[in-house]
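Novice: Below is the file query.cif, which contains mmCIF, C-alpha atoms.
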```
data_data
loop_
_atom_site.label_atom_id
_atom_site.label_comp_id
_atom_site.auth_asym_id
_atom_site.auth_seq_id
_atom_site.Cartn_x
_atom_site.Cartn_y
_atom_site.Cartn_z
CA MET A 29 -151.64 -36.13 64.56
CA ILE A 30 -149.53 -38.55 62.59
CA SER A 31 -148.85 -41.66 64.63
CA THR A 32 -145.58 -43.49 64.56
CA GLY A 33 -145.31 -45.77 61.55
CA GLU A 34 -147.96 -43.97 59.44
CA ASP A 35 -146.86 -42.33 56.22
CA TYR A 36 -148.27 -39.17 54.81
CA ALA A 37 -150.46 -40.96 52.15
CA THR A 38 -152.17 -43.20 54.76
CA VAL A 39 -153.09 -40.20 56.94
CA VAL A 40 -154.48 -38.29 53.99
CA GLU A 41 -156.59 -41.30 52.87
CA ARG A 42 -157.91 -41.91 56.39
CA ASP A 43 -158.93 -38.29 57.03
CA GLY A 44 -160.52 -37.89 53.64
CA ILE A 45 -157.97 -35.42 52.40
CA SER A 46 -157.03 -35.71 48.82
CA SER A 47 -153.47 -36.85 48.38
CA PRO A 48 -151.18 -34.38 46.58
CA SER A 49 -149.76 -35.42 43.31
CA PRO A 50 -146.19 -36.65 43.10
CA GLN A 51 -145.20 -33.33 41.53
CA ASP A 52 -146.74 -31.37 44.46
CA GLN A 53 -145.08 -33.67 46.92
CA GLU A 54 -141.71 -32.91 45.28
CA LEU A 55 -142.39 -29.14 45.48
CA ILE A 56 -143.33 -29.51 49.16
CA LEU A 57 -140.09 -31.41 49.83
CA ASP A 58 -138.07 -28.73 47.98
CA ALA A 59 -139.73 -26.04 50.09
CA TRP A 60 -138.92 -27.94 53.28
CA ARG A 61 -135.35 -28.36 52.14
CA GLU A 62 -135.03 -24.62 51.39
CA VAL A 63 -136.51 -23.67 54.76
CA LEU A 64 -134.25 -26.16 56.51
CA ALA A 65 -131.23 -24.81 54.61
CA GLN A 66 -132.11 -21.24 55.63
CA VAL A 67 -132.49 -22.29 59.26
CA LEU A 68 -129.18 -24.14 59.17
CA HIS A 69 -127.46 -21.17 57.48
CA THR A 70 -128.85 -18.79 60.10
CA ARG A 71 -127.70 -21.10 62.88
CA ASP A 72 -124.29 -21.47 61.24
CA THR A 73 -123.93 -17.68 60.91
CA GLU A 74 -124.96 -17.18 64.54
CA TRP A 75 -122.43 -19.80 65.69
CA LYS A 76 -119.66 -18.26 63.59
CA GLU A 77 -120.38 -14.78 65.02
CA ARG A 78 -120.43 -16.23 68.50
CA LEU A 79 -117.17 -18.08 67.81
CA ARG A 80 -115.52 -14.87 66.55
CA ALA A 81 -116.70 -12.99 69.65
CA ILE A 82 -115.37 -15.73 71.90
CA LYS A 83 -112.04 -15.72 70.01
CA ALA A 84 -111.74 -11.91 70.31
CA GLU A 85 -112.52 -12.06 74.03
CA SER A 86 -109.97 -14.84 74.44
CA MET A 87 -107.27 -12.86 72.60
CA ALA A 88 -108.00 -9.77 74.72
CA ALA A 89 -107.77 -11.86 77.88
CA VAL A 90 -104.47 -13.40 76.70
CA ALA A 91 -103.07 -9.93 75.94
CA GLU A 92 -104.06 -8.71 79.41
CA LEU A 93 -102.43 -11.78 80.94
CA ARG A 94 -99.23 -11.12 78.98
CA VAL A 95 -99.12 -7.50 80.15
CA ALA A 96 -99.76 -8.57 83.72
CA ALA A 97 -97.06 -11.27 83.41
CA ALA A 98 -94.55 -8.72 82.03
CA GLU A 99 -95.29 -6.29 84.88
CA PHE A 100 -94.97 -9.09 87.40
CA ARG A 101 -91.68 -10.20 85.88
CA SER A 102 -90.31 -6.64 85.91
CA THR A 103 -91.35 -6.21 89.54
CA MET A 104 -89.77 -9.50 90.52
CA GLU A 105 -86.52 -8.65 88.69
CA ALA A 106 -86.35 -5.29 90.48
CA MET A 107 -86.96 -6.98 93.86
CA ILE A 108 -84.31 -9.62 93.14
CA ALA A 109 -81.78 -6.95 92.03
CA GLU A 110 -82.47 -4.96 95.21
CA ARG A 111 -81.99 -8.05 97.36
CA LEU A 112 -78.75 -8.93 95.57
CA THR A 113 -77.49 -5.38 96.10
CA GLN A 114 -78.21 -5.65 99.80
CA ILE A 115 -76.40 -8.99 99.93
CA ARG A 116 -73.36 -7.69 98.01
CA GLN A 117 -73.21 -4.45 99.99
CA PRO A 118 -73.94 -5.37 103.57
CA ILE A 119 -74.54 -2.65 106.08
CA ASP A 120 -71.52 -1.91 108.23
CA GLY A 121 -71.88 -2.93 111.82
CA LYS A 122 -71.04 -0.83 114.83
CA GLU A 123 -67.45 0.17 115.30
CA GLY A 124 -65.64 -2.19 117.63
CA PRO A 125 -63.36 -1.19 120.49
CA ARG A 126 -59.90 0.14 119.69
CA GLY A 127 -57.25 -2.55 119.77
CA GLU A 128 -53.95 -2.36 121.56
CA LYS A 129 -51.02 -0.74 119.81
CA GLY A 130 -48.79 -3.28 118.12
CA ASP A 131 -45.04 -3.55 118.20
CA LYS A 132 -43.01 -1.28 115.97
CA GLY A 133 -42.15 -2.98 112.68
CA ASP A 134 -38.79 -3.25 111.04
CA PRO A 135 -37.77 -0.34 108.78
CA GLY A 136 -38.57 -0.88 105.12
CA GLU A 137 -35.79 -1.34 102.62
CA LEU A 138 -35.74 -0.48 98.94
CA PRO A 139 -33.93 -3.05 96.79
CA MET A 140 -30.54 -2.05 95.46
CA THR A 141 -30.83 -0.02 92.27
CA ARG A 142 -28.92 -1.12 89.18
CA ALA A 143 -28.75 0.02 85.59
CA TRP A 144 -31.00 -1.80 83.15
CA VAL A 145 -29.03 -4.07 80.80
CA ASP A 146 -30.35 -5.11 77.39
CA GLY A 147 -31.15 -8.86 77.28
CA GLU A 148 -30.85 -9.32 81.05
CA ILE A 149 -33.76 -10.80 83.01
CA SER A 150 -35.19 -8.58 85.77
CA TYR A 151 -37.21 -10.26 88.51
CA ALA A 152 -40.32 -9.03 90.31
CA GLY A 153 -39.36 -6.23 92.74
CA ASP A 154 -36.06 -5.35 91.02
CA VAL A 155 -35.34 -1.62 90.74
CA VAL A 156 -33.44 -0.33 87.72
CA THR A 157 -32.50 2.99 86.19
CA GLY A 158 -32.98 3.66 82.51
CA GLY A 159 -35.86 4.30 80.16
CA GLY A 160 -35.17 8.00 79.59
CA GLY A 161 -33.49 8.66 82.94
CA GLY A 162 -36.26 7.35 85.22
CA THR A 163 -36.24 4.75 87.99
CA TRP A 164 -38.47 1.68 87.58
CA GLN A 165 -39.54 -1.35 89.64
CA ALA A 166 -40.47 -4.64 87.97
CA LYS A 167 -44.02 -5.89 88.50
CA LYS A 168 -43.00 -9.41 87.45
CA ASP A 169 -40.12 -11.32 85.90
CA THR A 170 -39.42 -9.60 82.58
CA ALA A 171 -36.83 -8.89 79.91
CA GLN A 172 -38.70 -5.84 78.56
CA LYS A 173 -37.03 -2.43 78.63
CA PRO A 174 -38.73 0.27 80.68
CA PRO A 175 -40.95 2.11 80.14
CA HIS A 176 -43.23 -0.91 79.68
CA ALA A 177 -46.38 -2.40 81.24
CA ASP A 178 -44.12 -4.81 83.17
CA TRP A 179 -42.62 -1.86 85.08
CA THR A 180 -43.91 0.65 87.64
CA PRO A 181 -42.30 4.12 87.55
CA LEU A 182 -40.78 5.19 90.87
CA ALA A 183 -39.24 8.43 89.62
CA LEU A 184 -39.44 10.11 86.22
CA PRO A 185 -37.17 12.85 84.87
CA GLY A 186 -38.61 16.34 85.00
CA ARG A 187 -38.62 19.01 82.32
CA ASP A 188 -36.73 22.30 82.37
CA ALA A 189 -39.04 25.06 83.57
CA VAL A 190 -39.88 27.80 81.08
CA THR A 191 -40.79 31.19 82.54
CA PRO A 192 -41.76 34.43 80.78
CA ALA A 193 -38.92 36.84 80.05
CA VAL A 194 -39.36 40.51 79.16
CA ARG A 195 -37.12 41.30 76.15
CA GLY A 196 -38.03 44.95 75.58
CA THR A 197 -38.84 46.37 72.16
CA TYR A 198 -39.01 43.84 69.34
CA ARG A 199 -36.01 43.90 66.95
CA ASP A 200 -35.96 42.19 63.56
CA GLY A 201 -33.32 39.51 63.24
CA GLU A 202 -32.93 38.92 66.99
CA ALA A 203 -33.39 35.39 68.33
CA TYR A 204 -36.40 34.85 70.61
CA ARG A 205 -37.51 31.84 72.62
CA GLN A 206 -40.84 30.57 73.96
CA LEU A 207 -42.56 32.96 76.42
CA ASP A 208 -40.32 35.92 75.52
CA ILE A 209 -42.32 39.16 75.85
CA VAL A 210 -41.70 42.06 73.48
CA ALA A 211 -43.22 45.49 72.92
CA LEU A 212 -44.13 46.68 69.44
CA ASN A 213 -46.06 49.83 68.41
CA GLY A 214 -47.60 50.18 71.86
CA SER A 215 -48.73 46.53 72.07
CA SER A 216 -47.20 43.55 73.89
CA PHE A 217 -46.66 40.08 72.42
CA ILE A 218 -45.50 36.76 73.89
CA ALA A 219 -43.73 34.06 71.88
CA ARG A 220 -45.69 30.82 71.43
CA HIS A 221 -42.54 28.76 70.80
CA ASP A 222 -38.82 29.07 70.09
CA ASP A 223 -37.91 30.98 66.91
CA PRO A 224 -41.41 32.49 66.54
CA GLY A 225 -40.50 34.48 63.41
CA PRO A 226 -41.47 38.07 62.60
CA CYS A 227 -43.73 39.91 65.05
CA PRO A 228 -46.66 40.15 64.74
CA GLY A 229 -47.19 36.70 63.23
CA ASP A 230 -48.42 33.16 63.90
CA GLY A 231 -45.55 32.57 66.31
CA TRP A 232 -46.65 35.41 68.59
CA GLN A 233 -49.68 35.88 70.87
CA LEU A 234 -51.03 39.37 71.49
CA ILE A 235 -51.32 39.92 75.24
CA ALA A 236 -51.91 43.69 75.39
CA SER A 237 -53.12 45.89 72.57
CA ALA A 238 -52.38 49.60 72.26
CA GLY A 239 -55.47 51.67 72.89
CA ARG A 240 -56.77 54.42 70.64
CA ALA A 241 -56.03 58.02 71.50
CA GLY A 242 -58.87 59.69 73.35
CA LYS A 243 -60.53 62.95 72.45
CA PRO A 244 -58.65 66.06 73.60
CA GLY A 245 -59.91 67.33 76.93
CA ILE A 246 -60.84 70.85 77.89
CA ARG A 247 -57.80 73.08 78.14
CA GLY A 248 -57.09 73.80 81.76
CA GLU A 249 -56.06 77.02 83.33
CA ARG A 250 -52.44 77.99 83.11
CA GLY A 251 -50.57 77.08 86.27
CA GLU A 252 -47.99 79.01 88.20
CA PRO A 253 -44.47 78.85 86.83
CA GLY A 254 -42.47 76.02 88.38
CA PRO A 255 -39.00 76.24 89.87
CA ARG A 256 -36.12 76.37 87.46
CA GLY A 257 -34.67 72.92 86.78
CA GLU A 258 -31.07 71.98 86.96
CA ARG A 259 -29.12 72.52 83.82
CA GLY A 260 -28.24 69.32 82.07
CA LEU A 261 -24.86 68.51 80.70
CA PRO A 262 -24.39 69.40 77.06
CA GLY A 263 -25.04 66.46 74.76
CA GLN A 264 -26.50 64.34 77.58
CA ALA A 265 -29.21 61.99 76.25
CA ALA A 266 -32.48 61.13 78.00
CA PRO A 267 -32.37 58.02 80.26
CA THR A 268 -33.12 54.70 78.54
CA ILE A 269 -34.15 51.24 79.78
CA GLN A 270 -31.06 49.21 80.66
CA GLY A 271 -32.81 46.16 82.12
CA TRP A 272 -35.80 44.84 84.00
CA GLN A 273 -36.41 43.92 87.63
CA ILE A 274 -38.75 40.87 87.67
CA ASP A 275 -41.10 40.28 90.64
CA ARG A 276 -42.22 36.69 90.01
CA GLU A 277 -44.64 36.56 92.96
CA ARG A 278 -46.59 39.61 91.74
CA TYR A 279 -46.00 39.06 88.00
CA ARG A 280 -44.56 42.57 87.79
CA ALA A 281 -41.69 43.92 85.63
CA THR A 282 -40.03 47.22 86.59
CA PRO A 283 -37.74 48.96 84.05
CA LEU A 284 -34.27 49.93 85.27
CA MET A 285 -33.20 53.21 83.68
CA SER A 286 -29.73 54.24 82.60
CA ASP A 287 -29.67 57.05 85.18
CA GLY A 288 -30.18 54.56 88.04
CA SER A 289 -33.89 55.30 88.51
CA GLU A 290 -36.84 52.93 88.11
CA GLY A 291 -39.58 53.46 85.57
CA PRO A 292 -43.29 52.69 86.00
CA ALA A 293 -43.93 48.97 86.78
CA LEU A 294 -45.53 46.77 84.12
CA GLU A 295 -48.33 44.55 85.54
CA LEU A 296 -48.15 41.19 83.68
CA ARG A 297 -50.64 38.96 85.55
CA PRO A 298 -53.69 39.92 83.42
CA LEU A 299 -51.64 39.34 80.26
CA PHE A 300 -50.55 35.85 81.35
CA GLU A 301 -54.12 34.96 82.36
CA GLN A 302 -55.38 36.05 78.94
CA TYR A 303 -52.60 34.12 77.18
CA HIS A 304 -53.33 30.97 79.20
CA SER A 305 -57.08 31.25 78.48
CA GLU A 306 -56.61 31.74 74.73
CA SER A 307 -53.94 29.03 74.45
CA SER A 308 -56.05 26.43 76.26
CA GLY A 309 -59.11 27.22 74.12
CA ASP A 310 -61.40 28.15 77.08
#
```
Starting from the file, give its structure as structure tokens.

Specialist:
Amino acid sequence: MISTGEDYATVVERDGISSPSPQDQELILDAWREVLAQVLHTRDTEWKERLRAIKAESMAAVAELRVAAAEFRSTMEAMIAERLTQIRQPIDGKEGPRGEKGDKGDPGELPMTRAWVDGEISYAGDVVTGGGGGTWQAKKDTAQKPPHADWTPLALPGRDAVTPAVRGTYRDGEAYRQLDIVALNGSSFIARHDDPGPCPGDGWQLIASAGRAGKPGIRGERGEPGPRGERGLPGQAAPTIQGWQIDRERYRATPLMSDGSEGPALELRPLFEQYHSESSGD
């Protein structure tokens, strides 16, 4: 063993070992340095690997903590929102006992109505006529003319009602209005608007189309001769349609013939339903 304070040369001389030459001593020192460098490099590599592992584990733990924190925050926000909803919308309590009937109030009165005047100030609650024939009440003091956001409508003018009218067979050059119904070549058309133009055309809506003739049926047996009819007057023409009897509740039009009789009724409800469906785009 080398005691403290003894150098390598003294130990070698004392034990009878020949002392290495200075060149060998330098080689030995270089070898020790190389071995020490390898050991230090190995230790450094091991520490770096360990540091990277620790860093990866730390990042994974941080990511898990962030996920857990986000879930916790979402849960807390949902709980807070639910609590706030309960606070804002309290549960109704039990219905209390019915109170006594109060005294009858004074009858209400509508302010006097006057015509709206341009440039005149109207005060809140004033009622005026104007603005296309309607009646308006002021929401606040204003000089604006109704209709306007400063006014509340109390009554607005209505529109003239337009109802279908059966006009018979279509005739070129005759004036037609909206919802006039005409017959043409076995089909029925209804006017979309006033002055619809030639029929058929863009101004007319087909409401009933003439069907195709069916195949001839089997000829039946000849029947017994009927009773002799009354002799007509010479030159007397067959009865024609003189007008229509309109049943608005049943949407039915019955032709009134020139001989005073009634022809077969025309059922119009399915036609109007089809027209309404096609016009509204359903």

Novice: Would you list the contacts of A:Leu299 as a list in words, taking every protein, DNA or RNA residue within 9 Å and counting all atoms listed in the file, but skipping same-chain residues closer than 5 positions in sequence?

Specialist: Ser216, Leu234, Ile235, Ala236 and His304 of chain A

Novice: Next, write the just-selected residues to a file, as a PDB file, keeping the file's coordinate frame, keeping C-alpha atoms as the atom set.

Specialist:
```
ATOM      1  CA  SER A 216     -47.200  43.550  73.890  1.00  0.00           C
ATOM      2  CA  LEU A 234     -51.030  39.370  71.490  1.00  0.00           C
ATOM      3  CA  ILE A 235     -51.320  39.920  75.240  1.00  0.00           C
ATOM      4  CA  ALA A 236     -51.910  43.690  75.390  1.00  0.00           C
ATOM      5  CA  HIS A 304     -53.330  30.970  79.200  1.00  0.00           C
TER       6      HIS A 304
END
```

Novice: Just give me the gap between atom CA of A:Tyr303 and atom CA of A:Gln270 in Å, one decimal is fine.

Specialist: 26.5 Å

Novice: Can you give me, as a VMD selection string, the residues this file yields under the PyMOL selection byres ((chain A and resi 283-298) around 9)?

Specialist: chain A and resid 235 266 to 274 278 to 282 299 to 303

Novice: Could you tell me, as an MDAnalysis selection string, exactly which residues end up selected when the PyMOL selection byres ((chain A and resi 222) around 7) is applied to this structure?

Specialist: chainID A and resid 204:206 221 223:224

Novice: Show me, as a PDB file with C-alpha atoms, in the coordinates of the input, the residues that have an atom within 9 Å of A:Ala166 when counting only C-alpha atoms, minus same-chain residues fewer than 3 positions from it.

Specialist:
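The result, written out as part_3.pdb:
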```pdb
ATOM      1  CA  SER A 150     -35.190  -8.580  85.770  1.00  0.00           C
ATOM      2  CA  TYR A 151     -37.210 -10.260  88.510  1.00  0.00           C
ATOM      3  CA  ALA A 152     -40.320  -9.030  90.310  1.00  0.00           C
ATOM      4  CA  GLY A 153     -39.360  -6.230  92.740  1.00  0.00           C
ATOM      5  CA  ASP A 154     -36.060  -5.350  91.020  1.00  0.00           C
ATOM      6  CA  VAL A 155     -35.340  -1.620  90.740  1.00  0.00           C
ATOM      7  CA  VAL A 156     -33.440  -0.330  87.720  1.00  0.00           C
ATOM      8  CA  ASP A 169     -40.120 -11.320  85.900  1.00  0.00           C
ATOM      9  CA  THR A 170     -39.420  -9.600  82.580  1.00  0.00           C
ATOM     10  CA  PRO A 174     -38.730   0.270  80.680  1.00  0.00           C
ATOM     11  CA  ASP A 178     -44.120  -4.810  83.170  1.00  0.00           C
ATOM     12  CA  TRP A 179     -42.620  -1.860  85.080  1.00  0.00           C
ATOM     13  CA  THR A 180     -43.910   0.650  87.640  1.00  0.00           C
ATOM     14  CA  PRO A 181     -42.300   4.120  87.550  1.00  0.00           C
TER      15      PRO A 181
END
```

Novice: In Å, with one decimal, what is the gap from atom CA of A:Leu184 to atom CA of A:Leu207?

Specialist: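 About the pair atom CA of A:Leu184 and atom CA of A:Leu207: they are 25.1 Å apart.
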
Novice: If I put a ball of radius 9 Å at (-39.4, 45.9, 72.5) in the file's coordinates, which residues poke into it when counting only C-alpha atoms, written as an NGL selection string?

Specialist: :A and (194-199 or 209-213 or 216)

Novice: Would you mind reading off the distance between atom CA of A:Ser215 and atom CA of A:Arg247, one decimal, in Å?

Specialist: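 Computing it gives 28.7 Å between the two atoms.
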
Novice: Given the choices A:Lys129, A:Arg61, A:Arg220, A:Arg80, which gets closest to A:Glu306 if the distance is worked out from all atoms listed in the file?

Specialist: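 Nearest candidate to A:Glu306 out of A:Lys129, A:Arg61, A:Arg220, A:Arg80: A:Arg220.
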
Novice: Add whatever atoms are absent from stretch 137-159 of chain A to reach N, CA and C atoms, and provide the output as an mmCIF file, in the coordinates of the input.

Specialist:
```cif
data_model
loop_
_atom_site.group_PDB
_atom_site.id
_atom_site.type_symbol
_atom_site.label_atom_id
_atom_site.label_comp_id
_atom_site.auth_asym_id
_atom_site.auth_seq_id
_atom_site.Cartn_x
_atom_site.Cartn_y
_atom_site.Cartn_z
ATOM 1 N N GLU A 137 -37.013 -1.459 103.417
ATOM 2 C CA GLU A 137 -35.790 -1.340 102.620
ATOM 3 C C GLU A 137 -36.157 -1.395 101.136
ATOM 4 N N LEU A 138 -35.570 -0.471 100.381
ATOM 5 C CA LEU A 138 -35.740 -0.480 98.940
ATOM 6 C C LEU A 138 -34.635 -1.319 98.326
ATOM 7 N N PRO A 139 -34.974 -2.223 97.403
ATOM 8 C CA PRO A 139 -33.930 -3.050 96.790
ATOM 9 C C PRO A 139 -32.832 -2.188 96.168
ATOM 10 N N MET A 140 -31.662 -2.746 96.077
ATOM 11 C CA MET A 140 -30.540 -2.050 95.460
ATOM 12 C C MET A 140 -30.882 -1.710 94.007
ATOM 13 N N THR A 141 -30.551 -0.483 93.621
ATOM 14 C CA THR A 141 -30.830 -0.020 92.270
ATOM 15 C C THR A 141 -29.656 -0.339 91.355
ATOM 16 N N ARG A 142 -29.963 -0.821 90.166
ATOM 17 C CA ARG A 142 -28.920 -1.120 89.180
ATOM 18 C C ARG A 142 -29.376 -0.594 87.834
ATOM 19 N N ALA A 143 -28.432 -0.432 86.947
ATOM 20 C CA ALA A 143 -28.750 0.020 85.590
ATOM 21 C C ALA A 143 -29.364 -1.119 84.787
ATOM 22 N N TRP A 144 -30.368 -0.780 83.990
ATOM 23 C CA TRP A 144 -31.000 -1.800 83.150
ATOM 24 C C TRP A 144 -30.040 -2.211 82.042
ATOM 25 N N VAL A 145 -29.935 -3.528 81.811
ATOM 26 C CA VAL A 145 -29.030 -4.070 80.800
ATOM 27 C C VAL A 145 -29.864 -4.798 79.750
ATOM 28 N N ASP A 146 -29.618 -4.490 78.481
ATOM 29 C CA ASP A 146 -30.350 -5.110 77.390
ATOM 30 C C ASP A 146 -30.119 -6.617 77.377
ATOM 31 N N GLY A 147 -31.224 -7.409 77.329
ATOM 32 C CA GLY A 147 -31.150 -8.860 77.280
ATOM 33 C C GLY A 147 -31.060 -9.521 78.635
ATOM 34 N N GLU A 148 -30.960 -8.747 79.711
ATOM 35 C CA GLU A 148 -30.850 -9.320 81.050
ATOM 36 C C GLU A 148 -32.245 -9.460 81.663
ATOM 37 N N ILE A 149 -32.472 -10.565 82.367
ATOM 38 C CA ILE A 149 -33.760 -10.800 83.010
ATOM 39 C C ILE A 149 -33.830 -10.009 84.307
ATOM 40 N N SER A 150 -34.928 -9.276 84.508
ATOM 41 C CA SER A 150 -35.190 -8.580 85.770
ATOM 42 C C SER A 150 -36.337 -9.317 86.459
ATOM 43 N N TYR A 151 -36.215 -9.498 87.757
ATOM 44 C CA TYR A 151 -37.210 -10.260 88.510
ATOM 45 C C TYR A 151 -38.143 -9.307 89.250
ATOM 46 N N ALA A 152 -39.302 -9.844 89.638
ATOM 47 C CA ALA A 152 -40.320 -9.030 90.310
ATOM 48 C C ALA A 152 -39.706 -8.343 91.532
ATOM 49 N N GLY A 153 -39.891 -7.008 91.626
ATOM 50 C CA GLY A 153 -39.360 -6.230 92.740
ATOM 51 C C GLY A 153 -38.027 -5.582 92.449
ATOM 52 N N ASP A 154 -37.341 -5.975 91.360
ATOM 53 C CA ASP A 154 -36.060 -5.350 91.020
ATOM 54 C C ASP A 154 -36.272 -3.893 90.670
ATOM 55 N N VAL A 155 -35.288 -3.054 91.042
ATOM 56 C CA VAL A 155 -35.340 -1.620 90.740
ATOM 57 C C VAL A 155 -34.168 -1.300 89.830
ATOM 58 N N VAL A 156 -34.477 -0.656 88.685
ATOM 59 C CA VAL A 156 -33.440 -0.330 87.720
ATOM 60 C C VAL A 156 -33.584 1.130 87.316
ATOM 61 N N THR A 157 -32.489 1.660 86.789
ATOM 62 C CA THR A 157 -32.500 2.990 86.190
ATOM 63 C C THR A 157 -32.375 2.825 84.692
ATOM 64 N N GLY A 158 -32.973 3.746 83.966
ATOM 65 C CA GLY A 158 -32.980 3.660 82.510
ATOM 66 C C GLY A 158 -34.309 4.129 81.988
ATOM 67 N N GLY A 159 -34.574 3.897 80.717
ATOM 68 C CA GLY A 159 -35.860 4.300 80.160
ATOM 69 C C GLY A 159 -36.040 5.808 80.171
#
```
